[in-house]
$ cat coords_25.cif   # mmCIF, C-alpha atoms and all ligand atoms
data_target
loop_
_atom_site.label_atom_id
_atom_site.label_comp_id
_atom_site.auth_asym_id
_atom_site.auth_seq_id
_atom_site.Cartn_x
_atom_site.Cartn_y
_atom_site.Cartn_z
CA MET H 422 190.51 122.09 86.73
CA GLU H 423 187.78 122.16 89.30
CA ILE H 424 186.63 119.21 91.41
CA THR H 425 183.24 118.88 93.10
CA PHE H 426 182.51 116.32 95.80
CA TRP H 427 179.01 114.89 95.35
CA GLY H 428 179.51 111.99 97.77
CA VAL H 429 182.34 111.50 100.27
CA ARG H 430 181.21 108.50 102.35
CA GLY H 431 182.35 104.89 102.17
CA SER H 432 180.33 101.67 102.52
CA TYR H 433 176.75 102.97 102.67
CA PRO H 434 174.91 106.28 102.72
CA VAL H 435 174.30 107.92 106.09
CA PRO H 436 172.36 111.13 105.54
CA GLY H 437 170.86 112.53 108.73
CA PRO H 438 171.41 114.98 111.55
CA ALA H 439 174.82 113.51 112.53
CA THR H 440 176.29 114.05 109.05
CA VAL H 441 174.79 117.36 107.96
CA ARG H 442 178.12 119.16 107.54
CA TYR H 443 180.29 116.44 105.95
CA GLY H 444 177.49 114.71 104.09
CA GLY H 445 176.05 111.22 103.91
CA GLN H 446 176.12 110.25 100.21
CA THR H 447 178.61 107.69 98.90
CA SER H 448 181.57 108.14 96.53
CA CYS H 449 181.22 110.48 93.56
CA VAL H 450 183.53 113.25 92.35
CA GLU H 451 183.12 115.49 89.31
CA VAL H 452 186.20 116.81 87.53
CA ARG H 453 185.83 119.76 85.17
CA ALA H 454 188.37 121.40 82.91
CA LYS H 455 188.30 125.13 82.26
CA SER H 456 186.64 124.42 78.91
CA GLY H 457 183.63 122.92 80.72
CA ALA H 458 184.47 119.33 79.68
CA GLY H 459 184.08 116.88 82.52
CA VAL H 460 184.65 113.37 83.79
CA ILE H 461 182.90 111.68 86.69
CA ILE H 462 184.74 109.42 89.12
CA ASP H 463 182.62 106.76 90.80
CA ALA H 464 178.88 106.39 90.79
CA GLY H 465 177.89 106.16 94.44
CA THR H 466 174.68 107.72 95.68
CA GLY H 467 176.20 111.18 95.24
CA LEU H 468 175.79 110.65 91.48
CA ARG H 469 172.04 111.26 91.68
CA ALA H 470 172.35 114.98 92.47
CA LEU H 471 175.15 115.37 89.92
CA GLY H 472 172.91 113.76 87.30
CA GLN H 473 170.15 116.25 88.06
CA LYS H 474 172.59 119.11 87.54
CA LEU H 475 173.95 117.63 84.29
CA ALA H 476 170.44 117.00 82.98
CA ARG H 477 169.60 120.67 83.54
CA GLU H 478 172.78 121.70 81.71
CA GLY H 479 172.65 119.05 79.00
CA HIS H 480 170.18 120.46 76.56
CA VAL H 481 172.81 120.75 73.84
CA ALA H 482 173.29 117.46 71.92
CA PRO H 483 175.27 115.30 71.62
CA ARG H 484 175.35 114.45 75.28
CA ARG H 485 178.20 112.18 76.26
CA TYR H 486 179.40 111.45 79.80
CA SER H 487 182.44 109.53 81.00
CA ILE H 488 182.25 107.68 84.32
CA LEU H 489 185.48 106.22 85.71
CA LEU H 490 184.76 103.52 88.27
CA SER H 491 187.34 102.64 90.91
CA HIS H 492 185.61 99.27 91.33
CA VAL H 493 182.09 97.90 91.53
CA HIS H 494 181.40 97.68 95.26
CA TRP H 495 177.94 99.03 96.08
CA ASP H 496 179.09 102.36 97.46
CA HIS H 497 180.69 103.15 94.09
CA ILE H 498 177.87 102.14 91.71
CA GLN H 499 174.59 102.50 93.54
CA GLY H 500 173.82 105.91 92.05
CA LEU H 501 174.04 104.67 88.46
CA PRO H 502 170.38 103.61 88.05
CA PHE H 503 169.39 107.06 89.37
CA PHE H 504 171.63 109.03 86.98
CA GLU H 505 169.15 111.24 85.17
CA PRO H 506 171.03 111.47 81.83
CA ALA H 507 170.55 107.68 81.48
CA TYR H 508 166.89 108.40 80.73
CA VAL H 509 167.52 111.01 78.03
CA GLN H 510 167.52 109.97 74.35
CA ASP H 511 170.68 110.53 72.28
CA THR H 512 172.89 110.27 75.34
CA VAL H 513 176.02 108.14 75.48
CA ILE H 514 177.44 107.08 78.83
CA ASP H 515 180.95 105.63 78.73
CA VAL H 516 181.75 103.55 81.79
CA TYR H 517 185.40 102.72 82.49
CA ALA H 518 186.43 100.09 85.03
CA LEU H 519 188.87 97.38 85.93
CA LEU H 520 187.39 94.04 84.98
CA THR H 521 188.56 91.15 82.96
CA ALA H 522 186.33 91.99 80.02
CA ALA H 523 184.00 94.74 78.94
CA ASP H 524 181.23 92.14 78.64
CA GLU H 525 181.65 91.15 82.25
CA LEU H 526 181.41 94.78 83.30
CA GLN H 527 178.19 95.09 81.37
CA GLN H 528 176.86 92.05 83.21
CA VAL H 529 177.82 93.44 86.60
CA ILE H 530 176.33 96.88 85.98
CA GLY H 531 173.35 95.38 84.18
CA GLY H 532 172.87 93.02 87.12
CA ILE H 533 172.00 95.82 89.51
CA THR H 534 169.05 96.75 87.28
CA ARG H 535 167.69 93.19 86.88
CA HIS H 536 163.94 93.20 87.18
CA GLU H 537 164.05 91.85 90.72
CA PHE H 538 166.01 94.89 91.83
CA PHE H 539 164.92 97.79 89.68
CA PRO H 540 161.97 98.60 87.39
CA ILE H 541 163.96 99.58 84.28
CA PRO H 542 166.70 97.24 83.05
CA LEU H 543 169.91 98.83 81.79
CA GLU H 544 169.23 97.65 78.22
CA ALA H 545 165.90 99.49 78.23
CA ALA H 546 167.33 102.82 79.38
CA PRO H 547 167.24 105.37 76.54
CA ALA H 548 170.95 106.22 76.89
CA ASP H 549 173.56 104.11 75.14
CA PHE H 550 175.90 102.62 77.76
CA GLN H 551 179.35 101.76 76.47
CA PHE H 552 181.73 99.80 78.68
CA HIS H 553 185.51 100.04 78.60
CA GLU H 554 188.11 98.04 80.46
CA VAL H 555 191.02 99.96 81.94
CA ASP H 556 194.55 98.68 82.34
CA PRO H 557 196.67 99.96 85.26
CA GLY H 558 199.64 101.93 84.00
CA VAL H 559 198.22 102.38 80.50
CA ALA H 560 197.23 106.01 79.89
CA MET H 561 193.96 106.87 78.16
CA THR H 562 192.89 110.05 76.41
CA LEU H 563 189.31 111.17 77.12
CA GLY H 564 188.86 114.36 75.18
CA GLU H 565 191.23 116.85 76.72
CA PHE H 566 191.87 114.69 79.79
CA ARG H 567 194.83 112.36 80.06
CA VAL H 568 193.90 109.59 82.48
CA VAL H 569 196.29 107.07 84.03
CA PRO H 570 194.72 104.12 85.92
CA MET H 571 196.69 102.89 88.95
CA ALA H 572 196.35 99.46 90.61
CA LEU H 573 195.18 99.54 94.25
CA ASN H 574 195.13 97.00 97.07
CA HIS H 575 191.44 96.22 97.61
CA PRO H 576 189.29 93.06 97.65
CA PHE H 577 188.78 91.91 94.04
CA GLY H 578 190.99 94.81 92.92
CA ALA H 579 190.38 98.52 92.43
CA VAL H 580 191.98 101.27 90.39
CA GLY H 581 192.82 104.86 91.15
CA TYR H 582 193.07 107.48 88.41
CA ARG H 583 195.51 110.30 87.81
CA ILE H 584 193.81 112.93 85.66
CA GLU H 585 195.69 115.67 83.84
CA ALA H 586 194.24 118.72 82.09
CA ASP H 587 194.69 122.49 82.10
CA GLY H 588 198.40 121.96 82.85
CA THR H 589 197.73 120.42 86.23
CA SER H 590 196.74 117.10 87.82
CA VAL H 591 194.42 115.49 90.33
CA ALA H 592 194.45 111.87 91.49
CA TYR H 593 191.68 109.74 92.95
CA VAL H 594 192.93 106.87 95.11
CA SER H 595 189.97 104.92 96.51
CA ASP H 596 189.52 102.22 97.68
CA THR H 597 192.81 100.89 98.95
CA ALA H 598 194.43 99.25 101.94
CA PRO H 599 198.07 100.10 102.65
CA PHE H 600 200.74 97.99 101.02
CA THR H 601 202.18 96.08 103.94
CA GLU H 602 200.48 93.34 105.89
CA VAL H 603 197.56 92.43 103.61
CA LEU H 604 197.38 91.63 99.92
CA HIS H 605 194.00 91.53 98.30
CA LYS H 606 194.11 89.30 95.28
CA GLN H 607 191.34 89.16 92.74
CA HIS H 608 189.14 86.37 93.96
CA PHE H 609 189.75 85.96 97.67
CA LEU H 610 191.04 87.73 100.73
CA SER H 611 194.55 86.39 101.08
CA GLY H 612 194.98 88.75 104.01
CA LEU H 613 193.39 86.06 106.09
CA GLU H 614 196.37 83.89 105.26
CA LEU H 615 200.08 84.48 105.77
CA LEU H 616 201.75 86.55 103.09
CA THR H 617 204.08 84.68 100.80
CA ASP H 618 207.29 86.14 99.40
CA ASP H 619 205.47 86.62 96.09
CA ASP H 620 202.70 88.53 97.88
CA ARG H 621 205.25 90.82 99.52
CA ALA H 622 206.94 91.43 96.19
CA ALA H 623 203.57 92.22 94.59
CA LEU H 624 202.73 94.71 97.35
CA THR H 625 206.12 96.37 97.12
CA GLN H 626 205.72 96.73 93.37
CA MET H 627 202.15 98.02 93.64
CA LYS H 628 203.19 100.66 96.13
CA ALA H 629 206.22 101.71 94.08
CA ASP H 630 204.06 102.02 90.96
CA LEU H 631 201.48 104.10 92.82
CA VAL H 632 204.11 106.40 94.34
CA ALA H 633 205.64 106.93 90.88
CA ALA H 634 202.25 107.60 89.29
CA LEU H 635 201.37 110.18 91.97
CA ARG H 636 204.68 112.05 91.81
CA GLY H 637 204.21 115.78 91.28
CA CYS H 638 200.42 115.54 91.42
CA ASP H 639 198.80 118.74 92.66
CA THR H 640 195.87 117.24 94.56
CA VAL H 641 195.40 113.65 95.72
CA ILE H 642 192.01 112.40 96.93
CA TYR H 643 192.70 109.32 99.10
CA ASP H 644 190.68 106.59 100.85
CA THR H 645 191.18 107.47 104.53
CA HIS H 646 188.20 105.51 105.80
CA TYR H 647 189.69 104.61 109.17
CA VAL H 648 191.38 106.22 112.10
CA PRO H 649 194.34 104.10 113.30
CA ASP H 650 192.60 102.12 116.06
CA GLU H 651 189.80 101.16 113.65
CA TYR H 652 192.33 100.04 111.05
CA ALA H 653 194.01 97.87 113.68
CA ARG H 654 190.68 96.07 114.18
CA PHE H 655 189.79 95.76 110.46
CA PRO H 656 193.00 95.54 108.43
CA HIS H 657 191.39 93.16 105.94
CA TYR H 658 188.58 95.46 104.87
CA GLY H 659 190.66 97.18 102.20
CA HIS H 660 190.91 100.75 103.50
CA SER H 661 193.57 103.13 104.79
CA THR H 662 194.05 105.78 107.46
CA PRO H 663 195.18 109.38 106.87
CA ASP H 664 198.57 108.33 108.29
CA HIS H 665 198.96 105.76 105.51
CA ALA H 666 198.14 108.43 102.92
CA LEU H 667 200.60 110.94 104.37
CA GLU H 668 203.33 108.30 104.58
CA LEU H 669 202.82 107.44 100.91
CA LEU H 670 202.67 111.05 99.70
CA ALA H 671 205.31 112.77 101.85
CA GLY H 672 208.37 113.72 99.82
CA ASN H 673 206.58 112.96 96.54
CA ASP H 674 206.03 116.57 95.43
CA VAL H 675 202.28 116.44 96.15
CA ARG H 676 200.78 119.76 97.26
CA ARG H 677 197.48 118.71 98.74
CA LEU H 678 195.80 115.62 100.23
CA ILE H 679 192.02 115.31 100.42
CA LEU H 680 190.72 112.91 103.08
CA TYR H 681 187.88 110.94 101.50
CA HIS H 682 185.63 107.83 101.73
CA HIS H 683 184.81 108.58 105.36
CA ALA H 684 183.58 105.71 107.55
CA PRO H 685 179.79 105.88 107.91
CA SER H 686 180.20 105.75 111.71
CA HIS H 687 182.13 109.06 111.81
CA ASP H 688 179.72 111.85 112.72
CA ASP H 689 180.39 115.54 112.08
CA ASP H 690 182.08 116.11 115.45
CA GLN H 691 184.50 113.22 114.94
CA MET H 692 185.16 114.42 111.39
CA ASP H 693 186.06 117.86 112.79
CA GLN H 694 188.60 116.21 115.11
CA ILE H 695 190.08 114.13 112.27
CA ALA H 696 190.25 117.20 110.02
CA ALA H 697 192.10 119.28 112.64
CA GLU H 698 194.47 116.50 113.68
CA TYR H 699 195.56 115.65 110.14
CA ARG H 700 195.73 119.24 108.97
CA ALA H 701 198.44 119.67 111.62
CA LYS H 702 200.16 116.37 110.75
CA GLY H 703 200.13 117.31 107.06
CA ALA H 704 201.74 120.66 107.80
CA GLU H 705 204.65 118.81 109.44
CA VAL H 706 205.47 117.13 106.11
CA GLY H 707 204.56 120.08 103.88
CA ILE H 708 201.20 118.75 102.63
CA ASP H 709 198.01 120.78 102.80
CA VAL H 710 195.37 118.37 104.18
CA ILE H 711 191.71 119.08 103.52
CA THR H 712 188.84 116.84 104.63
CA ALA H 713 186.25 116.30 101.90
CA CYS H 714 182.68 117.28 102.58
CA GLU H 715 179.70 116.89 100.31
CA GLY H 716 179.23 119.90 98.03
CA MET H 717 182.84 121.08 98.38
CA VAL H 718 184.33 122.59 95.22
CA LEU H 719 188.10 122.94 94.89
CA THR H 720 190.30 124.44 92.22
CA VAL H 721 193.17 122.17 91.24
CA GLY H 722 196.54 123.44 90.21
CA ALA H 723 198.33 126.70 89.74
CA VAL H 724 201.10 125.44 91.98
CA LYS H 725 202.46 122.20 90.53
CA GLY H 726 202.89 121.42 86.87
CA VAL H 727 202.00 118.21 85.10
CA ALA H 728 204.67 115.56 85.62
CA ALA H 729 206.50 114.52 82.49
ZN ZN H 801 184.13 102.04 98.98
ZN ZN H 802 185.37 98.89 98.02
#

$ encode --input "coords_25.cif" --output "structure tokens"
Amino acid sequence: MEITFWGVRGSYPVPGPATVRYGGQTSCVEVRAKSGAGVIIDAGTGLRALGQKLAREGHVAPRRYSILLSHVHWDHIQGLPFFEPAYVQDTVIDVYALLTAADELQQVIGGITRHEFFPIPLEAAPADFQFHEVDPGVAMTLGEFRVVPMALNHPFGAVGYRIEADGTSVAYVSDTAPFTEVLHKQHFLSGLELLTDDDRAALTQMKADLVAALRGCDTVIYDTHYVPDEYARFPHYGHSTPDHALELLAGNDVRRLILYHHAPSHDDDQMDQIAAEYRAKGAEVGIDVITACEGMVLTVGAVKGVAA
């Protein structure tokens, strides 16, 4: 498999002179198998450039694209109305996400193209959008990809995805807070309240399930939005630090960690410092740490097999 990072930023896009090297577009990763088949993870503003590339490639019908959404916060869906294949006849776009019903997902995604916000409503786009609800822990087969959604600790809920193909595996874990002092339930931020025993049990279970689902994964892309002092100030915002990611992955037979969903306030110089610091910390626990930058292409696999 090959993964391409089209957007690596969290929260909102920050293109400009301070982010030239790491990039300013929001969350979007393309996964390709050796056969050329692909899936897209998240539809942040990075999706626009990916859509242009796919539209150039996609002259052979039928055109069908799968987009796996971690959740529907702006930085993960804002590129969708600008996805060029949506405006090509005989195109099907399958959107997968965690919501209580496929209808509700359609309303949410359709809502961002209401006439007040955007000139072309979703229903009028030439492509056929099909919406699918995912269930954490329940594997799906998308062509040659086996995809396992994983529950994450984020306001209103989010899912990560473990994707297996070509005898190897990559996981996308964004957005998530760590699994200790804050529990984000579906409809409110309970982190602003004291945790109950049930909350603690739910967090413990969520973390154990995630660790099990990531075991033996070759490459893990993880929400490492904050450095530790920022996390200490904003523990309720639903994001992690690279230390949280390393703590979760160490000893779990994971070869490589990709730092991802960078805070918009981190300029290129600070990103260089973070990259160097955590490359060294990763080496201490036997994990190769790479910091995602826009346009980066990585080959997955050849070291670890697919977990049984
Ligand atoms: Zn985000
Ligand atoms: Zn989010």

$ closest_atom_pairs --input "coords_25.cif" --of "chain H" --to "ligand ZN 802 (chain H)" --cutoff "7 Å" --atoms "only C-alpha atoms and all ligand atoms" --output "tab-separated table"
residue	atom	partner	partner_atom	distance
H:His492	CA	H:ZN802	ZN	6.7
H:His494	CA	H:ZN802	ZN	5.0
H:His575	CA	H:ZN802	ZN	6.6
H:Asp596	CA	H:ZN802	ZN	5.3
H:Gly659	CA	H:ZN802	ZN	7.0

$ residues_near_ligand --input "coords_25.cif" --ligand "ligand ZN 801 (chain H)" --cutoff "9 Å" --atoms "all atoms listed in the file" --output "list in words"
Arg430, Gly431, Ser432, Tyr433, Thr447, Ser448, Gly465, Ser491, His492, Val493, His494, Trp495, Asp496, His497, Ser595, Asp596, Thr597, Asp644, His646, Gly659, His660 and His682 of chain H

$ residues_around --input "coords_25.cif" --residues "segment 562-567 of chain H" --least-positions-apart "4" --cutoff "12 Å" --atoms "only C-alpha atoms" --output "number ranges by chain"
H: 422, 452-461, 485-489, 515-517, 553, 555, 582-592, 727-728

$ write_last_selection --input "coords_25.cif" --atoms "C-alpha atoms" --output "compact mmCIF listing (two decimals), in the frame of the given file"
# COMPACT_ATOMS: atom_id res chain seq x y z
CA MET H 422 190.51 122.09 86.73
CA VAL H 452 186.20 116.81 87.53
CA ARG H 453 185.83 119.76 85.17
CA ALA H 454 188.37 121.40 82.91
CA LYS H 455 188.30 125.13 82.26
CA SER H 456 186.64 124.42 78.91
CA GLY H 457 183.63 122.92 80.72
CA ALA H 458 184.47 119.33 79.68
CA GLY H 459 184.08 116.88 82.52
CA VAL H 460 184.65 113.37 83.79
CA ILE H 461 182.90 111.68 86.69
CA ARG H 485 178.20 112.18 76.26
CA TYR H 486 179.40 111.45 79.80
CA SER H 487 182.44 109.53 81.00
CA ILE H 488 182.25 107.68 84.32
CA LEU H 489 185.48 106.22 85.71
CA ASP H 515 180.95 105.63 78.73
CA VAL H 516 181.75 103.55 81.79
CA TYR H 517 185.40 102.72 82.49
CA HIS H 553 185.51 100.04 78.60
CA VAL H 555 191.02 99.96 81.94
CA TYR H 582 193.07 107.48 88.41
CA ARG H 583 195.51 110.30 87.81
CA ILE H 584 193.81 112.93 85.66
CA GLU H 585 195.69 115.67 83.84
CA ALA H 586 194.24 118.72 82.09
CA ASP H 587 194.69 122.49 82.10
CA GLY H 588 198.40 121.96 82.85
CA THR H 589 197.73 120.42 86.23
CA SER H 590 196.74 117.10 87.82
CA VAL H 591 194.42 115.49 90.33
CA ALA H 592 194.45 111.87 91.49
CA VAL H 727 202.00 118.21 85.10
CA ALA H 728 204.67 115.56 85.62

$ residues_around --input "coords_25.cif" --residues "Met627 of chain H" --least-positions-apart "3" --cutoff "8 Å" --atoms "all atoms listed in the file" --output "number ranges by chain"
H: 572-574, 600, 623-624, 630-631

$ closest_residue --input "coords_25.cif" --among "H:Asp549, H:Glu651, H:Glu525, H:Asp709" --to "Val513 of chain H" --atoms "only C-alpha atoms"
H:Asp549

$ decode --input "coords_25.cif" --residues "segment 511-536 of chain H" --atoms "N, CA and C atoms" --output "mmCIF file, in the first residue's frame"
data_model
loop_
_atom_site.group_PDB
_atom_site.id
_atom_site.type_symbol
_atom_site.label_atom_id
_atom_site.label_comp_id
_atom_site.auth_asym_id
_atom_site.auth_seq_id
_atom_site.Cartn_x
_atom_site.Cartn_y
_atom_site.Cartn_z
ATOM 1 N N ASP H 511 -22.184 9.839 -13.791
ATOM 2 C CA ASP H 511 -21.854 8.418 -13.673
ATOM 3 C C ASP H 511 -20.762 8.153 -12.641
ATOM 4 N N THR H 512 -20.728 8.994 -11.635
ATOM 5 C CA THR H 512 -19.788 8.794 -10.527
ATOM 6 C C THR H 512 -20.589 8.432 -9.278
ATOM 7 N N VAL H 513 -20.079 7.478 -8.517
ATOM 8 C CA VAL H 513 -20.685 7.136 -7.232
ATOM 9 C C VAL H 513 -19.674 7.455 -6.139
ATOM 10 N N ILE H 514 -20.131 8.156 -5.119
ATOM 11 C CA ILE H 514 -19.259 8.483 -3.994
ATOM 12 C C ILE H 514 -19.874 7.884 -2.734
ATOM 13 N N ASP H 515 -19.206 6.876 -2.201
ATOM 14 C CA ASP H 515 -19.665 6.226 -0.973
ATOM 15 C C ASP H 515 -19.018 6.922 0.206
ATOM 16 N N VAL H 516 -19.843 7.416 1.119
ATOM 17 C CA VAL H 516 -19.334 8.105 2.303
ATOM 18 C C VAL H 516 -19.648 7.253 3.526
ATOM 19 N N TYR H 517 -18.622 6.929 4.293
ATOM 20 C CA TYR H 517 -18.768 6.090 5.484
ATOM 21 C C TYR H 517 -18.511 6.943 6.717
ATOM 22 N N ALA H 518 -19.347 6.824 7.726
ATOM 23 C CA ALA H 518 -19.128 7.612 8.942
ATOM 24 C C ALA H 518 -19.897 7.016 10.109
ATOM 25 N N LEU H 519 -19.539 7.502 11.275
ATOM 26 C CA LEU H 519 -20.185 7.088 12.510
ATOM 27 C C LEU H 519 -21.323 8.050 12.805
ATOM 28 N N LEU H 520 -22.530 7.640 12.534
ATOM 29 C CA LEU H 520 -23.676 8.443 12.957
ATOM 30 C C LEU H 520 -24.810 7.482 13.229
ATOM 31 N N THR H 521 -25.821 7.984 13.859
ATOM 32 C CA THR H 521 -26.859 7.059 14.303
ATOM 33 C C THR H 521 -27.653 6.484 13.155
ATOM 34 N N ALA H 522 -27.673 7.163 12.017
ATOM 35 C CA ALA H 522 -28.403 6.628 10.877
ATOM 36 C C ALA H 522 -27.842 7.222 9.604
ATOM 37 N N ALA H 523 -27.901 6.449 8.528
ATOM 38 C CA ALA H 523 -27.391 6.946 7.258
ATOM 39 C C ALA H 523 -28.139 8.205 6.834
ATOM 40 N N ASP H 524 -29.435 8.269 7.142
ATOM 41 C CA ASP H 524 -30.223 9.456 6.794
ATOM 42 C C ASP H 524 -29.669 10.708 7.469
ATOM 43 N N GLU H 525 -29.309 10.539 8.741
ATOM 44 C CA GLU H 525 -28.808 11.683 9.489
ATOM 45 C C GLU H 525 -27.488 12.165 8.880
ATOM 46 N N LEU H 526 -26.665 11.214 8.457
ATOM 47 C CA LEU H 526 -25.402 11.576 7.820
ATOM 48 C C LEU H 526 -25.659 12.371 6.548
ATOM 49 N N GLN H 527 -26.646 11.930 5.806
ATOM 50 C CA GLN H 527 -27.001 12.638 4.572
ATOM 51 C C GLN H 527 -27.423 14.072 4.901
ATOM 52 N N GLN H 528 -28.177 14.217 6.002
ATOM 53 C CA GLN H 528 -28.610 15.564 6.392
ATOM 54 C C GLN H 528 -27.431 16.438 6.785
ATOM 55 N N VAL H 529 -26.489 15.847 7.517
ATOM 56 C CA VAL H 529 -25.338 16.628 7.967
ATOM 57 C C VAL H 529 -24.509 17.065 6.768
ATOM 58 N N ILE H 530 -24.175 16.109 5.911
ATOM 59 C CA ILE H 530 -23.340 16.438 4.750
ATOM 60 C C ILE H 530 -24.119 17.348 3.798
ATOM 61 N N GLY H 531 -25.403 17.028 3.601
ATOM 62 C CA GLY H 531 -26.223 17.875 2.749
ATOM 63 C C GLY H 531 -26.328 19.285 3.309
ATOM 64 N N GLY H 532 -26.320 19.393 4.642
ATOM 65 C CA GLY H 532 -26.466 20.690 5.297
ATOM 66 C C GLY H 532 -25.372 21.672 4.923
ATOM 67 N N ILE H 533 -24.176 21.170 4.692
ATOM 68 C CA ILE H 533 -23.076 22.103 4.383
ATOM 69 C C ILE H 533 -23.183 22.650 2.963
ATOM 70 N N THR H 534 -24.097 22.067 2.160
ATOM 71 C CA THR H 534 -24.302 22.620 0.810
ATOM 72 C C THR H 534 -25.696 23.240 0.674
ATOM 73 N N ARG H 535 -26.353 23.530 1.816
ATOM 74 C CA ARG H 535 -27.623 24.282 1.737
ATOM 75 C C ARG H 535 -27.401 25.583 0.987
ATOM 76 N N HIS H 536 -28.467 26.091 0.385
ATOM 77 C CA HIS H 536 -28.279 27.221 -0.526
ATOM 78 C C HIS H 536 -27.681 28.456 0.133
#
